[in-house]
Amino acid sequence: MAGSVLGERFQISTWGESHGVSLGVVVDGCPAGISLCEADIQAFLDRRKPGETKYATPRKEGDVVTILSGVFEGKTTGTPIAMMVSNTSQKSKDYSEIAGIYRPGHADYTFDAKYGFRDYRGGGRSSGRETIGRVAAGAIAMKILGELGIRITAYTRQIGPFVCREEAMSPENIEKSPLKMPDLEKSQEAEEYLEQKMQEHDSAGGIVECIVSGMPAGVGEPVFGKLDAVLAGHLFSIGAVKGVEIGAGFAVAEKTGSENNDGFYMDAKGRVKKSTNFAGGILGGISDGDDIVIRAAFKPTPSIFQSQKTVNREGGEVEVQIKGRHDPVIVPRAVVVVEAMTALAIVDRLFVGMSARMDKIRDFYDF
């Protein structure tokens, strides 16, 4: 299968299916000498695993990671890092009735159209469970960024019609909210909304916002490989993402140039700064040293328990009522996935950019 490898210098390859024996990832391009153990990875996987709140699928998985290669005596060796998570709670029989039916909102039809075959057990490679490999790899990328003083924080900005208010948002509220919303009042309103959707056998969508702080200026390419394009590509690769915006995003369409341009000034340390950040930390495809602000819009969970009209592989029109264990909202568990994909994009672009200037290459090799 093409399309399972991502990255240019910091490269990942994910593998496995939702109801297979296991899932995992191979990370290539990680520098040697980074302190790394399974607990570092597990902390991130625990944030995305199912069954943690009533707003997540009740599928119970430990999601325990095993590092198979690339680490010796607690340090990365510079060779490929392979990681694996076993599936322990598959209920494939829940999907036997839809083996020949295309579920609305899922990749069943398109997967079949491409390959002439599909793994109907939970969506196979198209399942959100594939993100285990991304999060495990993202945990390594976050370790690298941490050593460089770059911090990534994501949270739920919106669920359904309920949007966090800027003045009420606080970072410490993110983990207090079962929905990962930094505005606890809006979190409560969104929780009540989700209770209603669950009673109606329906689902909800939302928006994850991600902030990258401590970025240096000069990361990204001016034409192909623009930092915003790479970030958008990484986030759009998440199965449920249907929209990505950076900085002011789609709101720029309503602005004039004088309203949207970020003025420059020199700070007390002689550094170039911006008075506003409508650009979201990226100008001309290259980071400008300000916080990168990116948002991803997630569609409602397509697996709902209402009866829906569809067709089967033979071309017959039928109705389907999906069974199994599904999230009424994807967004809270996707927060760590957005962080991981953002980290992977940033690290890859940092590594690519290391060869952009001849003087830096001379300095590195001491010529």
# chains A, B, ... in the order shown; residues from 1 in each chain; ligands from 1
call {"tool": "residues_around", "arguments": {"residues": "range 16-22 of chain A", "least_positions_apart": "5", "cutoff": "10 Å", "atoms": "only C-alpha atoms", "output": "ChimeraX atom specification"}}
result
/A:63,84-92,119-133
call {"tool": "select_by_dssp", "arguments": {"residues": "range 40-285 of chain A", "states": "strand (DSSP E)", "output": "JSON, numbers by chain"}}
result
{"A": [65, 66, 67, 71, 72, 75, 76, 81, 82, 83, 84, 85, 86, 151, 152, 153, 154, 155, 156, 157, 158, 159, 162, 163, 206, 207, 208, 209, 210, 211, 212, 213, 241, 242, 243, 244, 245, 246, 264, 265, 266, 272, 273, 274, 282, 283]}
call {"tool": "write_last_selection", "arguments": {"atoms": "N, CA and C atoms", "output": "compact mmCIF listing (two decimals), in the first residue's frame"}}
result
# COMPACT_ATOMS: atom_id res chain seq x y z
N VAL A 65 2.79 0.15 24.75
CA VAL A 65 3.78 0.19 23.68
C VAL A 65 5.02 -0.63 24.02
N THR A 66 5.59 -1.26 23.00
CA THR A 66 6.87 -1.96 23.12
C THR A 66 7.83 -1.37 22.08
N ILE A 67 9.00 -0.95 22.54
CA ILE A 67 10.04 -0.47 21.62
C ILE A 67 10.85 -1.69 21.18
N VAL A 71 16.82 1.77 20.25
CA VAL A 71 17.13 2.34 21.57
C VAL A 71 18.01 1.34 22.32
N PHE A 72 19.11 1.84 22.89
CA PHE A 72 20.02 0.98 23.65
C PHE A 72 20.47 1.73 24.89
N LYS A 75 19.07 5.27 25.33
CA LYS A 75 19.38 6.33 24.37
C LYS A 75 19.07 5.85 22.95
N THR A 76 18.62 6.79 22.12
CA THR A 76 18.43 6.46 20.72
C THR A 76 19.78 6.23 20.07
N ILE A 81 13.71 3.32 14.71
CA ILE A 81 13.03 2.99 15.95
C ILE A 81 11.69 2.35 15.60
N ALA A 82 11.53 1.08 15.93
CA ALA A 82 10.28 0.36 15.68
C ALA A 82 9.50 0.24 16.98
N MET A 83 8.21 0.54 16.93
CA MET A 83 7.35 0.46 18.11
C MET A 83 6.07 -0.28 17.77
N MET A 84 5.54 -1.03 18.72
CA MET A 84 4.37 -1.86 18.49
C MET A 84 3.39 -1.76 19.65
N VAL A 85 2.10 -1.76 19.32
CA VAL A 85 1.02 -1.83 20.31
C VAL A 85 0.10 -2.97 19.89
N SER A 86 -0.16 -3.90 20.80
CA SER A 86 -1.03 -5.04 20.49
C SER A 86 -2.49 -4.68 20.66
N ARG A 151 7.64 24.29 22.21
CA ARG A 151 6.54 23.67 22.93
C ARG A 151 5.28 23.64 22.06
N ILE A 152 4.58 22.51 22.08
CA ILE A 152 3.34 22.36 21.32
C ILE A 152 2.20 22.05 22.29
N THR A 153 1.13 22.83 22.20
CA THR A 153 -0.04 22.62 23.06
C THR A 153 -1.29 22.66 22.20
N ALA A 154 -2.07 21.60 22.26
CA ALA A 154 -3.33 21.55 21.53
C ALA A 154 -4.48 21.35 22.51
N TYR A 155 -5.67 21.74 22.08
CA TYR A 155 -6.86 21.62 22.92
C TYR A 155 -8.09 21.71 22.03
N THR A 156 -9.23 21.35 22.60
CA THR A 156 -10.49 21.46 21.88
C THR A 156 -10.96 22.90 21.92
N ARG A 157 -11.07 23.52 20.76
CA ARG A 157 -11.54 24.90 20.68
C ARG A 157 -13.06 24.96 20.54
N GLN A 158 -13.64 23.93 19.91
CA GLN A 158 -15.08 23.96 19.65
C GLN A 158 -15.62 22.54 19.54
N ILE A 159 -16.81 22.33 20.09
CA ILE A 159 -17.59 21.11 19.86
C ILE A 159 -19.00 21.52 19.50
N PHE A 162 -20.57 25.05 20.34
CA PHE A 162 -20.00 25.63 21.56
C PHE A 162 -18.51 25.90 21.38
N VAL A 163 -18.15 27.21 21.38
CA VAL A 163 -16.80 27.67 21.09
C VAL A 163 -16.19 28.30 22.35
N GLY A 206 -16.15 19.06 15.69
CA GLY A 206 -15.55 20.15 16.45
C GLY A 206 -14.22 20.58 15.86
N ILE A 207 -13.52 21.43 16.59
CA ILE A 207 -12.26 22.00 16.14
C ILE A 207 -11.19 21.84 17.21
N VAL A 208 -10.01 21.39 16.79
CA VAL A 208 -8.83 21.35 17.66
C VAL A 208 -7.92 22.50 17.25
N GLU A 209 -7.50 23.30 18.22
CA GLU A 209 -6.54 24.38 17.99
C GLU A 209 -5.20 23.96 18.56
N CYS A 210 -4.12 24.30 17.85
CA CYS A 210 -2.78 23.91 18.28
C CYS A 210 -1.85 25.12 18.21
N ILE A 211 -1.08 25.34 19.28
CA ILE A 211 -0.15 26.46 19.36
C ILE A 211 1.28 25.91 19.45
N VAL A 212 2.16 26.41 18.58
CA VAL A 212 3.58 26.05 18.62
C VAL A 212 4.34 27.28 19.10
N SER A 213 4.96 27.18 20.27
CA SER A 213 5.69 28.30 20.87
C SER A 213 7.19 28.02 20.85
N VAL A 241 -10.34 14.79 9.57
CA VAL A 241 -10.14 16.23 9.37
C VAL A 241 -10.67 16.65 8.01
N LYS A 242 -11.52 17.68 8.01
CA LYS A 242 -12.11 18.18 6.76
C LYS A 242 -11.75 19.64 6.49
N GLY A 243 -11.01 20.27 7.38
CA GLY A 243 -10.61 21.65 7.16
C GLY A 243 -9.43 22.01 8.05
N VAL A 244 -8.51 22.83 7.52
CA VAL A 244 -7.36 23.31 8.29
C VAL A 244 -7.21 24.80 8.00
N GLU A 245 -6.95 25.58 9.05
CA GLU A 245 -6.66 27.00 8.85
C GLU A 245 -5.53 27.42 9.78
N ILE A 246 -4.78 28.45 9.34
CA ILE A 246 -3.62 28.93 10.08
C ILE A 246 -3.79 30.42 10.34
N PHE A 264 5.68 45.18 11.93
CA PHE A 264 6.93 44.75 12.57
C PHE A 264 7.46 45.84 13.49
N TYR A 265 8.21 45.41 14.52
CA TYR A 265 8.92 46.33 15.39
C TYR A 265 10.14 45.60 15.97
N MET A 266 11.06 46.35 16.55
CA MET A 266 12.23 45.76 17.19
C MET A 266 12.02 45.72 18.69
N VAL A 272 13.44 41.11 15.66
CA VAL A 272 12.27 41.50 14.88
C VAL A 272 11.03 40.82 15.45
N LYS A 273 9.99 41.61 15.74
CA LYS A 273 8.74 41.08 16.28
C LYS A 273 7.56 41.63 15.50
N LYS A 274 6.39 41.00 15.69
CA LYS A 274 5.17 41.47 15.05
C LYS A 274 4.21 42.00 16.12
N ILE A 282 3.61 32.28 10.31
CA ILE A 282 4.23 31.85 9.05
C ILE A 282 4.00 32.91 7.99
N LEU A 283 5.08 33.36 7.35
CA LEU A 283 5.01 34.32 6.25
C LEU A 283 5.77 33.76 5.05
call {"tool": "atom_distance", "arguments": {"atom1": "CA of Lys54 in chain A", "atom2": "CA of Met181 in chain A"}}
result
15.6 Å
call {"tool": "residues_around", "arguments": {"residues": "Gln42 in chain A", "least_positions_apart": "5", "cutoff": "9 Å", "atoms": "only C-alpha atoms", "output": "PyMOL selection string"}}
result
chain A and resi 37+47+63-65+136+139
call {"tool": "closest_residue", "arguments": {"among": "A:Ala107, A:Leu68, A:Ala141, A:Ala296", "to": "Ala343 in chain A", "atoms": "only C-alpha atoms"}}
result
A:Ala141
call {"tool": "atom_distance", "arguments": {"atom1": "CA of Leu45 in chain A", "atom2": "CA of Asp291 in chain A"}}
result
25.6 Å
call {"tool": "closest_residue", "arguments": {"among": "A:His106, A:His326, A:Lys226, A:Lys309", "to": "Met198 in chain A", "atoms": "only C-alpha atoms"}}
result
A:His326
call {"tool": "residues_around", "arguments": {"residues": "Ser177 in chain A", "least_positions_apart": "2", "cutoff": "10 Å", "atoms": "only C-alpha atoms", "output": "PyMOL selection string"}}
result
chain A and resi 156+172-175+179-188+191+332
call {"tool": "residues_around", "arguments": {"residues": "Gly284 in chain A", "least_positions_apart": "2", "cutoff": "10 Å", "atoms": "only C-alpha atoms", "output": "PyMOL selection string"}}
result
chain A and resi 220-223+226-228+279+282+286-288
call {"tool": "write_last_selection", "arguments": {"atoms": "N, CA, C and O atoms", "output": "mmCIF file, in the first residue's frame"}}
result
data_model
loop_
_atom_site.group_PDB
_atom_site.id
_atom_site.type_symbol
_atom_site.label_atom_id
_atom_site.label_comp_id
_atom_site.auth_asym_id
_atom_site.auth_seq_id
_atom_site.Cartn_x
_atom_site.Cartn_y
_atom_site.Cartn_z
ATOM 1 N N GLY A 220 11.086 26.312 6.965
ATOM 2 C CA GLY A 220 10.135 26.158 5.871
ATOM 3 C C GLY A 220 10.753 26.609 4.569
ATOM 4 O O GLY A 220 11.839 27.199 4.544
ATOM 5 N N GLU A 221 10.066 26.333 3.475
ATOM 6 C CA GLU A 221 10.581 26.649 2.146
ATOM 7 C C GLU A 221 9.711 27.719 1.483
ATOM 8 O O GLU A 221 8.515 27.822 1.763
ATOM 9 N N PRO A 222 10.291 28.511 0.577
ATOM 10 C CA PRO A 222 9.526 29.605 -0.022
ATOM 11 C C PRO A 222 8.572 29.184 -1.132
ATOM 12 O O PRO A 222 7.655 29.927 -1.474
ATOM 13 N N VAL A 223 8.772 27.994 -1.714
ATOM 14 C CA VAL A 223 7.890 27.564 -2.810
ATOM 15 C C VAL A 223 7.251 26.232 -2.429
ATOM 16 O O VAL A 223 6.241 26.202 -1.727
ATOM 17 N N LYS A 226 6.492 24.657 1.717
ATOM 18 C CA LYS A 226 6.093 25.741 2.632
ATOM 19 C C LYS A 226 5.677 25.135 3.970
ATOM 20 O O LYS A 226 5.001 24.091 4.011
ATOM 21 N N LEU A 227 6.052 25.781 5.056
ATOM 22 C CA LEU A 227 5.750 25.242 6.371
ATOM 23 C C LEU A 227 4.252 25.102 6.586
ATOM 24 O O LEU A 227 3.782 24.093 7.142
ATOM 25 N N ASP A 228 3.469 26.091 6.146
ATOM 26 C CA ASP A 228 2.020 25.989 6.336
ATOM 27 C C ASP A 228 1.433 24.861 5.490
ATOM 28 O O ASP A 228 0.513 24.160 5.926
ATOM 29 N N ALA A 279 -1.019 36.289 10.714
ATOM 30 C CA ALA A 279 -0.337 35.332 9.837
ATOM 31 C C ALA A 279 -0.190 33.958 10.490
ATOM 32 O O ALA A 279 0.125 32.976 9.804
ATOM 33 N N ILE A 282 3.611 32.283 10.307
ATOM 34 C CA ILE A 282 4.227 31.850 9.052
ATOM 35 C C ILE A 282 4.004 32.914 7.987
ATOM 36 O O ILE A 282 2.873 33.337 7.740
ATOM 37 N N ILE A 286 7.460 30.392 5.454
ATOM 38 C CA ILE A 286 8.595 30.286 6.371
ATOM 39 C C ILE A 286 8.198 30.850 7.732
ATOM 40 O O ILE A 286 7.522 31.881 7.806
ATOM 41 N N SER A 287 8.607 30.177 8.802
ATOM 42 C CA SER A 287 8.262 30.639 10.146
ATOM 43 C C SER A 287 8.854 32.017 10.399
ATOM 44 O O SER A 287 9.964 32.329 9.957
ATOM 45 N N ASP A 288 8.091 32.873 11.124
ATOM 46 C CA ASP A 288 8.565 34.242 11.386
ATOM 47 C C ASP A 288 8.989 34.449 12.840
ATOM 48 O O ASP A 288 9.287 35.567 13.250
#
